[in-house]
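Visitor: Below is one structure. I have some questions about it.
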Amino acid sequence: MPLPRWLAQINKRIFNPKEIRRGVRPVLIHVGRSSGKTYRTPLDAHPLPDGYLFIPLYGPRTDWLKNVLAVGVAHLSIGGKEIELESPRMVRKKDIWPQLSTTTKTPSGISDESELLRMDIRRHPAAGP
């Protein structure tokens with residue numbers, strides 16, 4: 001069961017800006033699907049062999065998720081580096097969780113049937129001669 005929408009609004013306006021300023025958590029950089037504005041959303045980014053997994057704690061109606069799915073690309077600022085991500089798609093927890101570290105904890109409210117966001121690291125083609 002997703003967290004309540006009112007909590008999402010509080011996080012978006014109060015806690016997210018503080019988290020971004022602290023510079024400790026991964027930040028997903030994405031473009032608004034209607035506005036074209038660049039947004040920064042602190043999230044847990046779970047590494048996969050070829051990308052990252054993000055857990056939409058507020059459910060599939062959250063703005064950052066809708067933006068990423070609509071635009072098809074995003075950047076992840078993590079560990080002082082910015083990583084280009086592409087091919088966003090929803091996957092079921094039960095199908096992807098075995099690829100994560102065994103120490104990864106399941107957040108409250110997330111079941112095996114919950115849909116999570118998976119993105120691939122963008123591979124740039126090798127430069128020609």
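Each chain in the structure tokens gets a letter, A, B and so on, in the order shown; residues start at 1 in every chain, and ligands are counted from 1 in the order they appear.
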List the spatial neighbours of A:Met90 as a count of residues only - criterion: any atom at most 9 Å away, only C-alpha atoms, same-chain residues fewer than 5 positions off excluded.
Guide: 6
Visitor: Measuring atom to atom with only C-alpha atoms, identify which of A:Phe54, A:Pro60, A:Lys105, A:Leu48 is nearest to A:Leu28.
Guide: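 Residue with the minimum atom-to-atom distance to A:Leu28: A:Phe54.
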Visitor: Using only C-alpha atoms for the distances, tell me which of A:Gly79, A:Gly72, A:Gly51, A:Pro56 is nearest to A:Gly32.
Guide: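 Among the listed residues, the smallest separation from A:Gly32 belongs to A:Gly72.
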Visitor: Could you jot down the atom CA of A:Tyr39 to atom CA of A:Leu65 separation for me, Å, one decimal place?
Guide: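 Atom-to-atom, atom CA of A:Tyr39 to atom CA of A:Leu65, that is 11.6 Å.
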Visitor: Could you name the residues that touch stretch 82-87 of chain A at 6 Å or less, counting only C-alpha atoms, but leaving out those on the same chain fewer than 5 positions away, as JSON, numbers by chain?
Guide: {"A": [72, 73, 74, 75, 76, 77, 119, 120, 121, 122]}
Visitor: So that I can check the surroundings of A:Arg33, please list as a list in words every protein, DNA and RNA residue that reaches within 8 Å of it, counting only C-alpha atoms and ignoring chain neighbours fewer than 6 positions away.
Guide: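 Answer for this query is Lys66, Asn67, Val68, Ala70 and Val71 of chain A.
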Visitor: Just asking: which residues within stretch 43-93 of chain A are alpha helix (DSSP H) according to DSSP, as a list in words?
Guide: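 Taking stretch 43-93 of chain A and keeping alpha helix (DSSP H) only, one gets Asp63, Trp64, Leu65, Lys66, Asn67, Val68, Leu69, Ala70, Val71 and Lys93 of chain A.
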Visitor: Once you have the residues from the selection above, write them out as a PDB file, in the first residue's frame, restricted to N, CA and C atoms.
Guide:
```pdb
ATOM      1  N   ASP A  63       4.663  12.206  -9.149  1.00  0.00           N
ATOM      2  CA  ASP A  63       5.098  13.027 -10.281  1.00  0.00           C
ATOM      3  C   ASP A  63       6.430  12.587 -10.870  1.00  0.00           C
ATOM      4  N   TRP A  64       7.432  12.311 -10.017  1.00  0.00           N
ATOM      5  CA  TRP A  64       8.745  11.954 -10.575  1.00  0.00           C
ATOM      6  C   TRP A  64       8.648  10.701 -11.434  1.00  0.00           C
ATOM      7  N   LEU A  65       7.832   9.738 -11.019  1.00  0.00           N
ATOM      8  CA  LEU A  65       7.684   8.496 -11.776  1.00  0.00           C
ATOM      9  C   LEU A  65       6.997   8.754 -13.112  1.00  0.00           C
ATOM     10  N   LYS A  66       5.922   9.532 -13.088  1.00  0.00           N
ATOM     11  CA  LYS A  66       5.219   9.848 -14.330  1.00  0.00           C
ATOM     12  C   LYS A  66       6.126  10.623 -15.287  1.00  0.00           C
ATOM     13  N   ASN A  67       6.945  11.530 -14.749  1.00  0.00           N
ATOM     14  CA  ASN A  67       7.875  12.290 -15.587  1.00  0.00           C
ATOM     15  C   ASN A  67       8.877  11.379 -16.278  1.00  0.00           C
ATOM     16  N   VAL A  68       9.499  10.510 -15.512  1.00  0.00           N
ATOM     17  CA  VAL A  68      10.533   9.631 -16.061  1.00  0.00           C
ATOM     18  C   VAL A  68       9.937   8.699 -17.119  1.00  0.00           C
ATOM     19  N   LEU A  69       8.782   8.122 -16.844  1.00  0.00           N
ATOM     20  CA  LEU A  69       8.147   7.224 -17.814  1.00  0.00           C
ATOM     21  C   LEU A  69       7.764   7.969 -19.092  1.00  0.00           C
ATOM     22  N   ALA A  70       7.303   9.206 -18.965  1.00  0.00           N
ATOM     23  CA  ALA A  70       6.889   9.979 -20.134  1.00  0.00           C
ATOM     24  C   ALA A  70       8.076  10.420 -20.984  1.00  0.00           C
ATOM     25  N   VAL A  71       9.148  10.854 -20.340  1.00  0.00           N
ATOM     26  CA  VAL A  71      10.298  11.392 -21.066  1.00  0.00           C
ATOM     27  C   VAL A  71      11.235  10.278 -21.540  1.00  0.00           C
ATOM     28  N   LYS A  93       8.247  -6.446  -7.971  1.00  0.00           N
ATOM     29  CA  LYS A  93       9.278  -6.681  -6.959  1.00  0.00           C
ATOM     30  C   LYS A  93       9.759  -8.121  -6.991  1.00  0.00           C
TER      31      LYS A  93
END
```
Visitor: Please identify the strand (DSSP E) residues within stretch 15-129 of chain A (assignment by DSSP from backbone atoms) and present them as an MDAnalysis selection string.
Guide: chainID A and resid 27:31 38:42 46:48 51:54 73:78 81:92 115:121
Visitor: Using only C-alpha atoms, which of A:Val31, A:Val91, A:Ile110, A:Val24 sits nearest A:Asp44?
Guide: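 Of the candidates, the smallest distance to A:Asp44 is held by A:Val24.
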